[in-house]
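In what follows, a structure is listed as structure tokens, so that the remarks can point back to it.
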Amino acid sequence: MKATASTGRTPEMPQSSGGPVLQVRGLGKRYGEDWVFRGADLVVAPGEFVAVLGESGVGKSTLLNCIAALDRPDAGEVEVLGQPVSRLDETAQAHFRRRHLGFVFQAFHVLPHLSVAQNVALPLLLLGTPDDSRVEQALQAVGLQGLGERLPQQLSGGQLQRVAIARALIHRPALILADEPSGNLDPATAQRVMDALARQVSEHRAACVLVTHSLGAARRADRVLRLTAEGLTAAGDPEPIEH
Ligand SMILES: Nc1ncnc2c1ncn2[C@@H]1O[C@H](COP(=O)(O)OP(=O)(O)O)[C@@H](O)[C@H]1O
Ligand SMILES: [Mg+2]
């Protein structure tokens, strides 16, 4: 994705001096004796939108969780903005996630007792930089203006996913990880969700890794890779993967 300037990042953002946002080297994860995948290499630049295609069970969520330091890899390492995330202690990993990462979970993980606006505002509150007008803008950007006071139970699945997207992007993270963000949505809503992600990548020079089994979702990316047990390879001309 093309973008002209690196604007609007939080002031604490380290300058990446033109280097990649994400570097994954030789990453591997196993359960017991069985490797889910190994030898996964990936470099993602600021302003780049990468899709990772793979069938169900191949390890897409595991890969994202390892990158996010929500799961511990059994081989290799992950660097974000030059920091060796996989080797930091848990407190430093939590700090990294809070400041630099926007994670869109497949299952939304919207907090049920908070209003829509409070859910979206949460990352800014945790950073000590509340900003109601930015929350309003974020809701507008995903087509949820006017719904800030509602509780999550009063929203549809597609609306909930857009709350999750607004929350993942509100603090303008350097790295966005999205786990099948349009997997359960109707085509029009899926399109909106992908638009919101693509806009954040181009406007704020975020790096985005989206995992999906859907070729349609992957088509929006600058680059498409395929995950197999042997790691990540260029998808070339991928076959459509049926739902
Ligand atoms: N906690 C776990 N213990 C054992 N196996 C697991 C665990 N979590 C995931 N797996 C296995 O790892 C593989 C990859 O899972 P996952 O990353 O969820 O795949 P995907 O997101 O591509 O559908 C699957 O075979 C799954 O059964
Ligand atoms: Mg998954």
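Chain labels A, B, ... are given in the sequence in which chains occur in the structure tokens; within each chain residues are numbered consecutively from 1, and ligands are likewise numbered from 1 in the order shown.
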
At a cut-off of 10 Å around ligand 2, and using only C-alpha atoms and all ligand atoms, what residues come up? Please write them as a ChimeraX atom specification.
/A:54-65,105-107,179-180,211-213

Let me see the file: selected residues, N, CA and C atoms, as a JSON list (two decimals), in the first residue's frame.
[["chain", "number", "residue", "atom", "x", "y", "z"],
["A", 54, "GLY", "N", -4.38, -20.31, 4.34],
["A", 54, "GLY", "CA", -4.13, -21.69, 4.78],
["A", 54, "GLY", "C", -5.43, -22.35, 5.18],
["A", 55, "GLU", "N", -5.46, -23.66, 4.99],
["A", 55, "GLU", "CA", -6.66, -24.41, 5.36],
["A", 55, "GLU", "C", -6.83, -24.40, 6.87],
["A", 56, "SER", "N", -8.04, -24.71, 7.29],
["A", 56, "SER", "CA", -8.33, -24.82, 8.71],
["A", 56, "SER", "C", -7.40, -25.83, 9.37],
["A", 57, "GLY", "N", -6.84, -25.48, 10.51],
["A", 57, "GLY", "CA", -5.99, -26.39, 11.27],
["A", 57, "GLY", "C", -4.53, -26.36, 10.90],
["A", 58, "VAL", "N", -4.15, -25.54, 9.92],
["A", 58, "VAL", "CA", -2.76, -25.52, 9.49],
["A", 58, "VAL", "C", -1.87, -24.72, 10.45],
["A", 59, "GLY", "N", -2.50, -23.89, 11.27],
["A", 59, "GLY", "CA", -1.73, -23.16, 12.27],
["A", 59, "GLY", "C", -1.76, -21.65, 12.12],
["A", 60, "LYS", "N", -2.75, -21.11, 11.44],
["A", 60, "LYS", "CA", -2.81, -19.67, 11.21],
["A", 60, "LYS", "C", -2.97, -18.90, 12.53],
["A", 61, "SER", "N", -3.90, -19.35, 13.35],
["A", 61, "SER", "CA", -4.09, -18.66, 14.63],
["A", 61, "SER", "C", -2.86, -18.82, 15.51],
["A", 62, "THR", "N", -2.27, -20.01, 15.47],
["A", 62, "THR", "CA", -1.05, -20.26, 16.25],
["A", 62, "THR", "C", 0.06, -19.31, 15.81],
["A", 63, "LEU", "N", 0.20, -19.13, 14.51],
["A", 63, "LEU", "CA", 1.21, -18.21, 13.99],
["A", 63, "LEU", "C", 0.99, -16.79, 14.51],
["A", 64, "LEU", "N", -0.24, -16.30, 14.41],
["A", 64, "LEU", "CA", -0.51, -14.94, 14.89],
["A", 64, "LEU", "C", -0.29, -14.83, 16.40],
["A", 65, "ASN", "N", -0.72, -15.85, 17.13],
["A", 65, "ASN", "CA", -0.54, -15.82, 18.58],
["A", 65, "ASN", "C", 0.93, -15.81, 18.96],
["A", 105, "PHE", "N", -9.37, -10.41, 16.86],
["A", 105, "PHE", "CA", -9.63, -11.83, 17.10],
["A", 105, "PHE", "C", -10.83, -12.28, 16.28],
["A", 106, "GLN", "N", -10.78, -13.53, 15.89],
["A", 106, "GLN", "CA", -11.90, -14.09, 15.14],
["A", 106, "GLN", "C", -13.19, -14.05, 15.96],
["A", 107, "ALA", "N", -13.04, -14.27, 17.26],
["A", 107, "ALA", "CA", -14.23, -14.33, 18.13],
["A", 107, "ALA", "C", -14.53, -13.00, 18.81],
["A", 179, "ASP", "N", -7.13, -12.13, 12.65],
["A", 179, "ASP", "CA", -7.38, -13.57, 12.54],
["A", 179, "ASP", "C", -8.76, -13.79, 11.91],
["A", 180, "GLU", "N", -8.79, -14.06, 10.62],
["A", 180, "GLU", "CA", -10.05, -14.28, 9.88],
["A", 180, "GLU", "C", -11.08, -13.22, 10.24],
["A", 211, "VAL", "N", -4.64, -13.37, 8.55],
["A", 211, "VAL", "CA", -4.70, -14.78, 8.19],
["A", 211, "VAL", "C", -6.13, -15.15, 7.84],
["A", 212, "THR", "N", -6.26, -15.99, 6.84],
["A", 212, "THR", "CA", -7.60, -16.31, 6.35],
["A", 212, "THR", "C", -7.57, -17.60, 5.52],
["A", 213, "HIS", "N", -8.71, -18.26, 5.44],
["A", 213, "HIS", "CA", -8.82, -19.37, 4.50],
["A", 213, "HIS", "C", -9.51, -18.90, 3.23]]

All strand (DSSP E) positions in stretch 150-205 of chain A, as a PDB file with N, CA and C atoms, in the first residue's frame:
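Output file selection_38.pdb is given in full below:
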ATOM      1  N   LEU A 175       1.673  -2.478  14.298  1.00  0.00           N
ATOM      2  CA  LEU A 175       1.438  -3.815  13.753  1.00  0.00           C
ATOM      3  C   LEU A 175       0.001  -4.239  14.019  1.00  0.00           C
ATOM      4  N   ILE A 176      -0.686  -4.622  12.963  1.00  0.00           N
ATOM      5  CA  ILE A 176      -2.055  -5.133  13.075  1.00  0.00           C
ATOM      6  C   ILE A 176      -2.039  -6.609  12.722  1.00  0.00           C
ATOM      7  N   LEU A 177      -2.588  -7.428  13.597  1.00  0.00           N
ATOM      8  CA  LEU A 177      -2.721  -8.858  13.323  1.00  0.00           C
ATOM      9  C   LEU A 177      -4.212  -9.170  13.304  1.00  0.00           C
ATOM     10  N   ALA A 178      -4.685  -9.763  12.236  1.00  0.00           N
ATOM     11  CA  ALA A 178      -6.118 -10.004  12.094  1.00  0.00           C
ATOM     12  C   ALA A 178      -6.352 -11.476  11.782  1.00  0.00           C
ATOM     13  N   ASP A 179      -7.133 -12.130  12.653  1.00  0.00           N
ATOM     14  CA  ASP A 179      -7.378 -13.575  12.536  1.00  0.00           C
ATOM     15  C   ASP A 179      -8.758 -13.789  11.911  1.00  0.00           C
TER      16      ASP A 179
END

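Closest to ligand 1 among A:Pro112, A:Gly128, A:Pro73, A:Gly32 is A:Gly32, based on only C-alpha atoms and all ligand atoms.
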
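The protein and nucleic acid residues lying at most 9 Å from A:Ala121 are Val116, Leu126, Pro130, Asp131, Asp132, Arg134, Val135, Arg167, Ile170 and His171 of chain A, with only C-alpha atoms considered and sequence neighbours fewer than 5 positions away removed.
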
Would you please work out which residue, of A:Arg226, A:His100, A:Arg87, A:His109, is nearest to ligand 1 when using only C-alpha atoms and all ligand atoms?
A:Arg226

Can you check which residues of stretch 57-219 of chain A DSSP gives as alpha helix (DSSP H) on the backbone and send them as a ChimeraX atom specification?
/A:60-67,90-100,116-126,132-141,157-169,187-204,215-218

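Ranking A:Leu53, A:Leu139, A:Leu114, A:Ala229 by their shortest atom-to-atom distance to A:Asp34, with only C-alpha atoms included, puts A:Ala229 first.
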
If you count only C-alpha atoms, which residues fall within 9 Å of A:Thr233, apart from same-chain ones fewer than 3 positions away, as a compact mmCIF listing (two decimals) with N, CA and C atoms, in the first residue's frame?
# COMPACT_ATOMS: atom_id res chain seq x y z
N ALA A 40 9.15 -20.82 9.66
CA ALA A 40 8.37 -19.71 9.08
C ALA A 40 9.17 -18.41 9.15
N ASP A 41 9.37 -17.81 7.97
CA ASP A 41 10.08 -16.53 7.86
C ASP A 41 9.14 -15.50 7.25
N VAL A 224 0.44 -12.10 -0.90
CA VAL A 224 -0.27 -13.26 -0.36
C VAL A 224 0.72 -14.41 -0.16
N LEU A 225 0.74 -14.95 1.05
CA LEU A 225 1.60 -16.08 1.37
C LEU A 225 0.72 -17.25 1.75
N ARG A 226 1.34 -18.43 1.71
CA ARG A 226 0.60 -19.61 2.12
C ARG A 226 1.34 -20.27 3.28
N LEU A 227 0.59 -20.65 4.32
CA LEU A 227 1.18 -21.34 5.46
C LEU A 227 0.99 -22.84 5.29
N THR A 228 2.10 -23.57 5.43
CA THR A 228 2.05 -25.04 5.47
C THR A 228 2.92 -25.48 6.65
N GLU A 230 5.69 -26.60 6.54
CA GLU A 230 7.09 -26.23 6.27
C GLU A 230 7.32 -24.73 6.33
N GLY A 236 1.73 -17.36 -4.96
CA GLY A 236 1.69 -17.42 -6.41
C GLY A 236 0.27 -17.22 -6.91

Extract, using only C-alpha atoms, all DNA, RNA and protein residues at most 9 Å from A:Thr189, discarding same-chain residues fewer than 4 positions from it, and format them as a ChimeraX atom specification.
/A:158-159,162,182,185,193-194

Save the residues we just selected, C-alpha atoms, as a CSV table (one decimal), in the first residue's frame?
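See out-v8.csv below for the written result:
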chain,number,residue,atom,x,y,z
A,158,GLY,CA,-21.1,-7.9,11.8
A,159,GLN,CA,-21.4,-4.8,14.0
A,162,ARG,CA,-16.5,-3.7,13.5
A,182,SER,CA,-14.3,-11.3,7.9
A,185,LEU,CA,-19.6,-11.8,8.0
A,193,VAL,CA,-14.0,-4.5,7.6
A,194,MET,CA,-11.4,-5.0,5.0

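Atom pair atom CA of A:Ala164 / atom 13 (C, counted along the ligand's line) of ligand 1: separated by 24.2 Å.
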
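Around A:Ala45, within 10 Å and counting only C-alpha atoms, the residues found are Gly18, Gly19, Pro20, Val21, Leu22, Gln23, Phe49, Val50, Leu81, Leu175, Arg205, Ala206, Ala207 and Cys208 of chain A, once anything fewer than 4 positions away on its own chain is removed.
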
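With distances taken over only C-alpha atoms and all ligand atoms, A:Leu210 is the one residue among A:Ala196, A:Val24, A:Leu210, A:Leu144 lying closest to ligand 1.
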
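Residue nearest A:Gln191 within the list A:Ala174, A:Leu42, A:Cys66, A:Ala217: A:Ala217 [criterion: smallest interatomic distance, only C-alpha atoms].
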
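With only C-alpha atoms and all ligand atoms as the basis for measurement, A:Ser214 is the residue among A:Ser214, A:Ser202, A:Thr129, A:Thr91 that approaches ligand 1 most closely.
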
For A:Asp222, please output as an MDAnalysis selection string all residues within 10 Å (counting only C-alpha atoms; exclusion window: fewer than 3 positions along the same chain).
chainID A and resid 1:2 47:51 198 208 218:219

I need the chosen residues saved as a CSV table (one decimal), in the first residue's frame, with N, CA and C atoms.
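Output (out-v9.csv):
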chain,number,residue,atom,x,y,z
A,1,MET,N,0.8,-1.2,0.0
A,1,MET,CA,0.0,0.0,0.0
A,1,MET,C,0.9,1.2,0.0
A,2,LYS,N,0.5,2.2,-0.7
A,2,LYS,CA,1.2,3.5,-0.8
A,2,LYS,C,0.8,4.4,0.3
A,47,GLY,N,3.3,0.1,6.2
A,47,GLY,CA,2.5,0.4,5.1
A,47,GLY,C,2.2,-0.9,4.2
A,48,GLU,N,2.6,-2.0,4.7
A,48,GLU,CA,2.4,-3.2,3.9
A,48,GLU,C,1.3,-4.1,4.5
A,49,PHE,N,0.5,-4.7,3.6
A,49,PHE,CA,-0.7,-5.5,4.0
A,49,PHE,C,-0.4,-6.9,3.5
A,50,VAL,N,-0.1,-7.9,4.3
A,50,VAL,CA,0.2,-9.2,3.9
A,50,VAL,C,-0.9,-10.2,4.4
A,51,ALA,N,-1.4,-11.0,3.5
A,51,ALA,CA,-2.4,-12.0,3.8
A,51,ALA,C,-1.7,-13.4,3.8
A,198,ALA,N,-7.5,-1.8,5.6
A,198,ALA,CA,-6.6,-1.3,4.5
A,198,ALA,C,-6.3,0.2,4.7
A,208,CYS,N,0.3,-4.9,8.4
A,208,CYS,CA,-0.8,-5.8,8.7
A,208,CYS,C,-0.5,-7.2,8.3
A,218,ALA,N,-8.0,-12.5,1.0
A,218,ALA,CA,-6.6,-12.3,0.8
A,218,ALA,C,-6.3,-11.4,-0.4
A,219,ARG,N,-7.3,-11.3,-1.3
A,219,ARG,CA,-7.0,-10.5,-2.5
A,219,ARG,C,-6.8,-9.0,-2.2
